[in-house]
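*Asks:* What follows is a structure written as structure tokens; I'll ask about it next.
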Amino acid sequence: MSRHQDNDKSRPGSGRQGGYKKDSNSRGNAPIRKAPSKFKTKPEAAKEAPKAPKSPKKPSNPDEIRLNRYISNSGMCSRRDADIYIQSGNVKVNGEVITEMGYKVKLTDSVQFDGVNITPEKKEYVLLNKPKNFSTAGDDSPGSANVLDLVRGASKSNLMPVGRMDKTTTGLLLFTNDTEMIQKFTVPNQRSSKVYQVTLDKNLKFEDLEKIQKGLMIDEHKVYVEEITYIEDQPKSEIGLKMKTSNVKIVRRIFEHLKYDVLKVDRVTFAGLTKKNLPRGDWRFLTEQEIINLKNA
């Protein structure tokens, strides 16, 4: 009898010759066991536990400001750059070097940035095309029109005109709260050029034009101009004058010294700034590049 004929009928074969069907518990057919989940559920008690109340924020002091923001508001540099200056020990508060990040100062504190006293007020620059009948003087009679009325809505800062203009003078007038800029353009030895268009009561003689070009002695002072020309396609009473002074009185004195009456003075350029796209009576903020140019003028 062969091995295959000796099979026990009580243990039926598996389908393979000579094999038996294995019990489910035998090796290789163990019951499937589910692996435990890697994500554990929170206990019900934890779900229902109330969240701890947040501690109230400490109210900020309106009279204090972060040092880097103070510097940024002053127009010296950005906050990020201010942090670098602070860490480098280039900033003093009330005479003491401060290197702490997040340090807060009061608006009444004395802050020095690279040895220069600064204020937290952001520097602003506004260019006005001044119309007639507005004065820059602060001692006008009550009710008279002042140029500050024309730029009052431009800024909450204390803007001041750079130089003076009388009521009859028109043209470009710069306003700023930057005291260094004001001083820069009002000192006698400034380097920036201004161009004026002057209207006279009569034609300017060519010999007088040459006298002005060579320089005039007025009130014991030599007055020089950079350039003087007749305005193209205009009467000889329309004169273009280029000089460094921002004092309009000097412009008038040049022609009055030669016995001409000045009917009109219009400042058409100021340190590279022009009246392009700026109608009479309107104002605009300077661009960042224009501000840089003024500081380098």
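Each chain in the structure tokens gets a letter, A, B, ..., in the order shown, and its residues are numbered from 1; ligands are numbered from 1 in order too.
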What's the 6 Å shell around segment 258-275 of chain A, counting only C-alpha atoms, without same-chain residues fewer than 6 positions away, as a list in words?

*Replies:* Thr169, Thr170, Gly171, Leu172, Ser192, Ser193, Lys194, Val195, Tyr196, Gln197, Val198, Thr199, Leu200 and Asp201 of chain A

*Asks:* So that I have them on file, write out the residues from the current selection with all heavy atoms, as a short mmCIF file (atom, residue, chain, number, x, y, z; two decimals), in the first residue's frame.

*Replies:*
```cif
data_model
loop_
_atom_site.label_atom_id
_atom_site.label_comp_id
_atom_site.auth_asym_id
_atom_site.auth_seq_id
_atom_site.Cartn_x
_atom_site.Cartn_y
_atom_site.Cartn_z
N THR A 169 5.54 136.82 -4.28
CA THR A 169 6.41 135.81 -4.88
C THR A 169 5.68 134.48 -4.97
O THR A 169 4.98 134.07 -4.04
CB THR A 169 7.69 135.63 -4.05
OG1 THR A 169 8.37 136.89 -3.98
CG2 THR A 169 8.61 134.61 -4.68
N THR A 170 5.85 133.80 -6.08
CA THR A 170 5.21 132.51 -6.31
C THR A 170 6.28 131.44 -6.58
O THR A 170 7.46 131.73 -6.69
CB THR A 170 4.25 132.58 -7.51
OG1 THR A 170 5.01 132.94 -8.68
CG2 THR A 170 3.15 133.61 -7.28
N GLY A 171 5.81 130.19 -6.66
CA GLY A 171 6.71 129.11 -7.04
C GLY A 171 7.00 128.13 -5.93
O GLY A 171 6.29 128.07 -4.92
N LEU A 172 8.08 127.38 -6.10
CA LEU A 172 8.37 126.25 -5.23
C LEU A 172 8.80 126.68 -3.83
O LEU A 172 9.68 127.53 -3.67
CB LEU A 172 9.46 125.38 -5.86
CG LEU A 172 9.10 124.71 -7.18
CD1 LEU A 172 10.27 123.89 -7.70
CD2 LEU A 172 7.86 123.82 -7.01
N SER A 192 23.33 124.51 -3.24
CA SER A 192 22.28 124.12 -4.19
C SER A 192 21.78 125.32 -4.99
O SER A 192 21.73 126.44 -4.50
CB SER A 192 21.11 123.48 -3.44
OG SER A 192 20.56 124.42 -2.53
N SER A 193 21.40 125.05 -6.22
CA SER A 193 20.98 126.11 -7.13
C SER A 193 19.46 126.24 -7.16
O SER A 193 18.74 125.25 -7.01
CB SER A 193 21.49 125.83 -8.55
OG SER A 193 22.91 125.79 -8.57
N LYS A 194 19.01 127.47 -7.37
CA LYS A 194 17.59 127.76 -7.58
C LYS A 194 17.46 128.59 -8.86
O LYS A 194 18.34 129.37 -9.19
CB LYS A 194 16.98 128.54 -6.41
CG LYS A 194 16.89 127.75 -5.11
CD LYS A 194 18.16 127.87 -4.33
CE LYS A 194 18.10 127.07 -3.03
NZ LYS A 194 19.43 127.01 -2.38
N VAL A 195 16.35 128.42 -9.56
CA VAL A 195 16.10 129.17 -10.79
C VAL A 195 14.84 130.01 -10.59
O VAL A 195 13.80 129.48 -10.16
CB VAL A 195 15.95 128.24 -12.01
CG1 VAL A 195 15.59 129.07 -13.25
CG2 VAL A 195 17.24 127.47 -12.25
N TYR A 196 14.95 131.30 -10.89
CA TYR A 196 13.84 132.23 -10.75
C TYR A 196 13.49 132.82 -12.12
O TYR A 196 14.39 133.13 -12.92
CB TYR A 196 14.21 133.38 -9.80
CG TYR A 196 14.58 132.92 -8.41
CD1 TYR A 196 15.89 132.59 -8.10
CD2 TYR A 196 13.62 132.83 -7.41
CE1 TYR A 196 16.25 132.18 -6.82
CE2 TYR A 196 13.96 132.42 -6.13
CZ TYR A 196 15.27 132.09 -5.84
OH TYR A 196 15.62 131.67 -4.58
N GLN A 197 12.20 132.97 -12.35
CA GLN A 197 11.75 133.73 -13.52
C GLN A 197 11.25 135.07 -13.02
O GLN A 197 10.32 135.14 -12.21
CB GLN A 197 10.65 132.99 -14.29
CG GLN A 197 10.22 133.75 -15.55
CD GLN A 197 9.30 132.93 -16.43
OE1 GLN A 197 9.24 131.72 -16.32
NE2 GLN A 197 8.58 133.62 -17.34
N VAL A 198 11.89 136.14 -13.49
CA VAL A 198 11.62 137.48 -12.99
C VAL A 198 10.95 138.30 -14.09
O VAL A 198 11.41 138.32 -15.24
CB VAL A 198 12.93 138.16 -12.53
CG1 VAL A 198 12.62 139.54 -11.95
CG2 VAL A 198 13.66 137.29 -11.52
N THR A 199 9.87 138.98 -13.72
CA THR A 199 9.18 139.89 -14.65
C THR A 199 9.43 141.33 -14.22
O THR A 199 9.14 141.70 -13.08
CB THR A 199 7.66 139.60 -14.65
OG1 THR A 199 7.44 138.23 -14.99
CG2 THR A 199 6.95 140.50 -15.66
N LEU A 200 9.99 142.11 -15.14
CA LEU A 200 10.34 143.51 -14.85
C LEU A 200 9.32 144.46 -15.49
O LEU A 200 8.56 144.07 -16.37
CB LEU A 200 11.74 143.82 -15.38
CG LEU A 200 12.86 142.90 -14.87
CD1 LEU A 200 14.18 143.28 -15.55
CD2 LEU A 200 12.99 142.98 -13.36
N ASP A 201 9.37 145.71 -15.05
CA ASP A 201 8.45 146.72 -15.59
C ASP A 201 8.87 147.20 -16.97
O ASP A 201 8.09 147.84 -17.68
CB ASP A 201 8.35 147.91 -14.63
CG ASP A 201 9.68 148.64 -14.48
OD1 ASP A 201 10.74 147.97 -14.55
OD2 ASP A 201 9.67 149.87 -14.27
#
```

*Asks:* Contacts of segment 209-216 of chain A at 7 Å or less, counting only C-alpha atoms, minus same-chain residues fewer than 4 places along, as a list of chain:residue names?

*Replies:*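 That gives A:Leu204, A:Lys205, A:Lys222, A:Val223, A:Tyr224, A:Val225, A:Glu227, A:Ile228.
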
*Asks:* From a DSSP pass on the backbone, collect the residues of segment 152-239 of chain A flagged as strand (DSSP E or B) and hand them back as a PyMOL selection string.

*Replies:* chain A and resi 160-161+170-176+194-200+216-218+221-223+227-230+238-239

*Asks:* Would you list the contacts of Asp282 of chain A as a VMD selection string, taking every protein, DNA or RNA residue within 10 Å and counting only C-alpha atoms, but skipping same-chain residues closer than 6 positions in sequence?

*Replies:* chain A and resid 127 to 131 150 to 151

*Asks:* Write out as number ranges by chain the residues lying within 12 Å of Phe285 of chain A, counting only C-alpha atoms and excluding same-chain residues fewer than 4 positions away.

*Replies:* A: 123-129, 151, 153-155, 174-176, 273, 278, 289-291

*Asks:* Can I get the selection written as a PDB file, in the first residue's frame, with C-alpha atoms?

*Replies:*
```pdb
ATOM      1  CA  LYS A 123      10.898 113.477   9.055  1.00  0.00           C
ATOM      2  CA  GLU A 124       8.498 114.670   6.371  1.00  0.00           C
ATOM      3  CA  TYR A 125       9.066 116.790   3.285  1.00  0.00           C
ATOM      4  CA  VAL A 126       6.316 118.614   1.400  1.00  0.00           C
ATOM      5  CA  LEU A 127       6.734 120.648  -1.785  1.00  0.00           C
ATOM      6  CA  LEU A 128       4.260 123.459  -2.486  1.00  0.00           C
ATOM      7  CA  ASN A 129       3.736 125.479  -5.652  1.00  0.00           C
ATOM      8  CA  VAL A 151      -0.241 122.492   3.701  1.00  0.00           C
ATOM      9  CA  GLY A 153      -3.730 118.862   5.861  1.00  0.00           C
ATOM     10  CA  ALA A 154      -0.472 117.293   4.689  1.00  0.00           C
ATOM     11  CA  SER A 155       0.827 116.212   8.092  1.00  0.00           C
ATOM     12  CA  LEU A 174       9.691 123.357   0.631  1.00  0.00           C
ATOM     13  CA  PHE A 175       8.198 122.472   4.027  1.00  0.00           C
ATOM     14  CA  THR A 176       9.703 120.064   6.542  1.00  0.00           C
ATOM     15  CA  LEU A 273      13.029 119.965  -7.654  1.00  0.00           C
ATOM     16  CA  LEU A 278       2.325 120.435  -9.603  1.00  0.00           C
ATOM     17  CA  GLN A 289      15.036 109.562  -4.048  1.00  0.00           C
ATOM     18  CA  GLU A 290      14.286 113.297  -3.962  1.00  0.00           C
ATOM     19  CA  ILE A 291      14.968 113.346  -0.213  1.00  0.00           C
TER      20      ILE A 291
END
```

*Asks:* Pick the closest to Glu238 of chain A from A:Arg252, A:Lys202, A:Arg66, A:Lys122: which is it, counting only C-alpha atoms?

*Replies:*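 Looking at the shortest contact to Glu238 of chain A, the residue is A:Lys202.
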
*Asks:* Any idea what's packed within 6 Å of Pro120 of chain A, counting only C-alpha atoms, ignoring anything in its chain fewer than 3 positions away? Could you give it as a list of chain:residue names?

*Replies:*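 Listing them by chain and then by number gives A:Tyr70, A:Asn73, A:Ser74.
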
*Asks:* Between atom CA of Arg253 of chain A and atom CA of Phe134 of chain A, what is the distance in Å, rounded to a tenth?

*Replies:*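 Rounded to one decimal, the two atoms are 20.7 Å apart.
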
*Asks:* Apply DSSP to the structure's backbone, then extract all residues of segment 236-278 of chain A labelled alpha helix (DSSP H) and return them as a ChimeraX atom specification.

*Replies:* /A:248-256

*Asks:* Separation of atom CA of Ser144 of chain A and atom CA of Asn247 of chain A, in Å?

*Replies:* 21.7 Å
